[in-house]
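Peer 1: This one is target.pdb, PDB, C-alpha atoms and all ligand atoms.
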ATOM      1  CA  MET A   1       4.294  14.832 -13.401  1.00  0.00           C
ATOM      2  CA  ALA A   2       4.543  13.408  -9.882  1.00  0.00           C
ATOM      3  CA  GLU A   3       3.246  15.574  -7.086  1.00  0.00           C
ATOM      4  CA  TRP A   4       2.656  15.313  -3.352  1.00  0.00           C
ATOM      5  CA  THR A   5      -0.930  14.830  -2.185  1.00  0.00           C
ATOM      6  CA  ARG A   6      -2.312  14.650   1.359  1.00  0.00           C
ATOM      7  CA  VAL A   7      -4.162  11.354   1.583  1.00  0.00           C
ATOM      8  CA  ALA A   8      -4.944  10.758   5.273  1.00  0.00           C
ATOM      9  CA  SER A   9      -4.074  11.683   8.809  1.00  0.00           C
ATOM     10  CA  LEU A  10      -1.666   9.462  10.737  1.00  0.00           C
ATOM     11  CA  ALA A  11      -4.484   8.724  13.192  1.00  0.00           C
ATOM     12  CA  GLU A  12      -6.412   7.086  10.343  1.00  0.00           C
ATOM     13  CA  CYS A  13      -3.566   4.587   9.773  1.00  0.00           C
ATOM     14  CA  PRO A  14      -3.012   2.628  12.993  1.00  0.00           C
ATOM     15  CA  ALA A  15      -0.023   0.284  13.219  1.00  0.00           C
ATOM     16  CA  GLY A  16      -0.551  -3.046  11.502  1.00  0.00           C
ATOM     17  CA  THR A  17      -3.367  -1.857   9.258  1.00  0.00           C
ATOM     18  CA  LEU A  18      -4.011  -1.179   5.570  1.00  0.00           C
ATOM     19  CA  LYS A  19      -6.025   1.734   4.216  1.00  0.00           C
ATOM     20  CA  GLY A  20      -7.123   2.311   0.633  1.00  0.00           C
ATOM     21  CA  VAL A  21      -7.182   5.885  -0.683  1.00  0.00           C
ATOM     22  CA  MET A  22      -7.497   7.546  -4.074  1.00  0.00           C
ATOM     23  CA  VAL A  23      -4.925  10.005  -5.421  1.00  0.00           C
ATOM     24  CA  GLY A  24      -6.727  11.443  -8.400  1.00  0.00           C
ATOM     25  CA  ARG A  25      -7.525   8.304 -10.402  1.00  0.00           C
ATOM     26  CA  GLN A  26      -4.718   6.251  -8.834  1.00  0.00           C
ATOM     27  CA  PRO A  27      -5.795   3.803  -6.126  1.00  0.00           C
ATOM     28  CA  VAL A  28      -3.187   3.630  -3.351  1.00  0.00           C
ATOM     29  CA  VAL A  29      -2.941   1.372  -0.309  1.00  0.00           C
ATOM     30  CA  LEU A  30      -1.272   2.788   2.813  1.00  0.00           C
ATOM     31  CA  ALA A  31       0.352   0.345   5.227  1.00  0.00           C
ATOM     32  CA  ASN A  32       1.542   1.114   8.743  1.00  0.00           C
ATOM     33  CA  VAL A  33       4.496  -1.132   9.633  1.00  0.00           C
ATOM     34  CA  ASP A  34       5.488  -0.469  13.252  1.00  0.00           C
ATOM     35  CA  GLY A  35       4.726   3.242  12.895  1.00  0.00           C
ATOM     36  CA  ASP A  36       6.254   3.723   9.438  1.00  0.00           C
ATOM     37  CA  ILE A  37       3.841   4.377   6.564  1.00  0.00           C
ATOM     38  CA  TYR A  38       4.348   2.838   3.116  1.00  0.00           C
ATOM     39  CA  ALA A  39       2.300   3.319  -0.047  1.00  0.00           C
ATOM     40  CA  LEU A  40       1.745   0.895  -2.918  1.00  0.00           C
ATOM     41  CA  GLU A  41      -0.573   0.923  -5.887  1.00  0.00           C
ATOM     42  CA  ASP A  42      -3.804  -0.609  -4.639  1.00  0.00           C
ATOM     43  CA  GLN A  43      -4.015  -3.213  -7.365  1.00  0.00           C
ATOM     44  CA  CYS A  44      -2.658  -6.722  -7.067  1.00  0.00           C
ATOM     45  CA  SER A  45      -0.326  -7.614  -9.931  1.00  0.00           C
ATOM     46  CA  HIS A  46      -2.110 -10.962 -10.252  1.00  0.00           C
ATOM     47  CA  GLN A  47      -5.670  -9.972 -11.207  1.00  0.00           C
ATOM     48  CA  GLU A  48      -5.868  -6.312 -10.176  1.00  0.00           C
ATOM     49  CA  PHE A  49      -8.088  -6.768  -7.114  1.00  0.00           C
ATOM     50  CA  PRO A  50      -7.497  -4.221  -4.303  1.00  0.00           C
ATOM     51  CA  LEU A  51      -4.584  -5.032  -2.019  1.00  0.00           C
ATOM     52  CA  SER A  52      -6.251  -2.875   0.651  1.00  0.00           C
ATOM     53  CA  ASP A  53      -8.697  -5.771   1.190  1.00  0.00           C
ATOM     54  CA  GLY A  54      -5.718  -7.944   2.150  1.00  0.00           C
ATOM     55  CA  GLU A  55      -3.932  -8.707   5.388  1.00  0.00           C
ATOM     56  CA  LEU A  56      -0.784  -7.131   6.799  1.00  0.00           C
ATOM     57  CA  ASP A  57       1.633  -9.123   8.946  1.00  0.00           C
ATOM     58  CA  GLY A  58       4.766  -7.118   9.700  1.00  0.00           C
ATOM     59  CA  ASP A  59       5.950  -5.934   6.279  1.00  0.00           C
ATOM     60  CA  ASP A  60       4.198  -8.804   4.521  1.00  0.00           C
ATOM     61  CA  LEU A  61       0.973  -8.006   2.646  1.00  0.00           C
ATOM     62  CA  THR A  62      -1.170 -10.969   1.576  1.00  0.00           C
ATOM     63  CA  CYS A  63      -3.804 -10.448  -1.097  1.00  0.00           C
ATOM     64  CA  ILE A  64      -6.982 -12.107   0.174  1.00  0.00           C
ATOM     65  CA  TYR A  65      -8.201 -13.052  -3.286  1.00  0.00           C
ATOM     66  CA  HIS A  66      -5.683 -15.752  -4.236  1.00  0.00           C
ATOM     67  CA  GLY A  67      -2.945 -15.464  -1.626  1.00  0.00           C
ATOM     68  CA  ALA A  68      -0.194 -13.524  -3.433  1.00  0.00           C
ATOM     69  CA  ARG A  69       2.303 -11.934  -1.054  1.00  0.00           C
ATOM     70  CA  PHE A  70       4.202  -8.639  -1.377  1.00  0.00           C
ATOM     71  CA  ASP A  71       6.868  -6.756   0.555  1.00  0.00           C
ATOM     72  CA  VAL A  72       4.849  -3.717   1.538  1.00  0.00           C
ATOM     73  CA  CYS A  73       7.996  -1.587   1.919  1.00  0.00           C
ATOM     74  CA  THR A  74       9.082  -2.058  -1.702  1.00  0.00           C
ATOM     75  CA  GLY A  75       6.208  -3.628  -3.643  1.00  0.00           C
ATOM     76  CA  ARG A  76       8.337  -6.682  -4.422  1.00  0.00           C
ATOM     77  CA  ASN A  77       6.338  -9.854  -5.097  1.00  0.00           C
ATOM     78  CA  LYS A  78       7.192 -12.564  -2.561  1.00  0.00           C
ATOM     79  CA  GLY A  79       4.645 -15.283  -3.220  1.00  0.00           C
ATOM     80  CA  LEU A  80       2.640 -16.813  -6.055  1.00  0.00           C
ATOM     81  CA  PRO A  81       0.392 -16.357  -7.923  1.00  0.00           C
ATOM     82  CA  ALA A  82       1.869 -12.843  -8.324  1.00  0.00           C
ATOM     83  CA  VAL A  83       4.925 -12.882 -10.603  1.00  0.00           C
ATOM     84  CA  ARG A  84       5.367  -9.102 -10.874  1.00  0.00           C
ATOM     85  CA  PRO A  85       5.901  -6.387  -8.245  1.00  0.00           C
ATOM     86  CA  VAL A  86       3.469  -3.551  -7.634  1.00  0.00           C
ATOM     87  CA  LYS A  87       4.492   0.092  -7.817  1.00  0.00           C
ATOM     88  CA  SER A  88       5.497   1.811  -4.586  1.00  0.00           C
ATOM     89  CA  PHE A  89       5.210   5.535  -3.926  1.00  0.00           C
ATOM     90  CA  PRO A  90       7.262   7.877  -1.707  1.00  0.00           C
ATOM     91  CA  VAL A  91       5.579   8.874   1.576  1.00  0.00           C
ATOM     92  CA  GLU A  92       6.146  11.872   3.838  1.00  0.00           C
ATOM     93  CA  ILE A  93       4.572  12.694   7.191  1.00  0.00           C
ATOM     94  CA  ARG A  94       4.045  16.420   7.771  1.00  0.00           C
ATOM     95  CA  ASP A  95       2.462  17.565  11.043  1.00  0.00           C
ATOM     96  CA  GLY A  96       0.628  14.281  11.513  1.00  0.00           C
ATOM     97  CA  GLU A  97      -0.654  14.166   7.925  1.00  0.00           C
ATOM     98  CA  VAL A  98       0.293  11.527   5.361  1.00  0.00           C
ATOM     99  CA  PHE A  99       1.432  12.754   1.939  1.00  0.00           C
ATOM    100  CA  VAL A 100       2.103  10.478  -1.044  1.00  0.00           C
ATOM    101  CA  GLU A 101       4.003  11.393  -4.209  1.00  0.00           C
ATOM    102  CA  VAL A 102       2.159   9.935  -7.195  1.00  0.00           C
TER     103      VAL A 102
HETATM  104  S1  LIG A 201      -5.754 -10.789  -7.299  1.00  0.00           S
HETATM  105 FE1  LIG A 201      -4.302 -10.861  -5.714  1.00  0.00          FE
HETATM  106  S2  LIG A 201      -3.661 -12.906  -5.645  1.00  0.00           S
HETATM  107 FE2  LIG A 201      -5.069 -12.847  -7.286  1.00  0.00          FE
END
Mind turning this structure into structure tokens?
Peer 2:
Amino acid sequence: MAEWTRVASLAECPAGTLKGVMVGRQPVVLANVDGDIYALEDQCSHQEFPLSDGELDGDDLTCIYHGARFDVCTGRNKGLPAVRPVKSFPVEIRDGEVFVEV
């Protein structure tokens, strides 16, 4: 069953950056797009390397391993070699803390 978990403080997720966290056994990458936090599974849909090693440009996340691109707000795949989306998770900010529902 999905539940909310505190994963980081807002201060740990500056604008324009990615941060990998674990929620139980689920790797999650947090992305700060102009002050809004998004959460995706931290596993590229191409070969399962961590997306948190990638680069964020606006809402565009590029996997550094082979260049796949994703919409960080939705998990939608936008560029080859990824042909499948990655899962996205709901995010809430409570008193400066980031919570993810996994
Ligand atoms: S593992 Fe991400 S593009 Fe290949």
Peer 1: Selection in question (the file shown): the PyMOL selection byres (((chain A and resi 4-21) around 7) and not hetatm). Which residues does it include, as a list in words?
Peer 2: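 Selected by the PyMOL selection byres (((chain A and resi 4-21) around 7) and not hetatm) in this file: Glu3, Met22, Val23, Pro27, Val28, Val29, Leu30, Ala31, Asn32, Val33, Asp34, Gly35, Asp42, Ser52, Leu56, Asp57, Gly58, Gly96, Glu97, Val98, Phe99, Val100, Glu101 and Val102 of chain A.
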Peer 1: Work out how far apart CA of Gly79 in chain A and CA of Glu92 in chain A are and give it in Å to one decimal.
Peer 2: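 We find that CA of Gly79 in chain A and CA of Glu92 in chain A lie 28.1 Å from each other.
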Peer 1: How would you write, as a PyMOL selection string, the set of residues no farther than 12 Å from ligand LIG 201 (chain A) when counting only C-alpha atoms and all ligand atoms?
Peer 2: chain A and resi 42-55+61-70+77-86
Peer 1: Name the residues that the PyMOL selection byres (((chain A and resi 74) around 9) and not hetatm) pulls out of this structure, and write them as a list in words.
Peer 2: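 Checking the PyMOL selection byres (((chain A and resi 74) around 9) and not hetatm) against this file, the residues are Tyr38, Ala39, Leu40, Phe70, Asp71, Val72, Cys73, Gly75, Arg76, Asn77, Pro85, Val86, Lys87, Ser88 and Phe89 of chain A.
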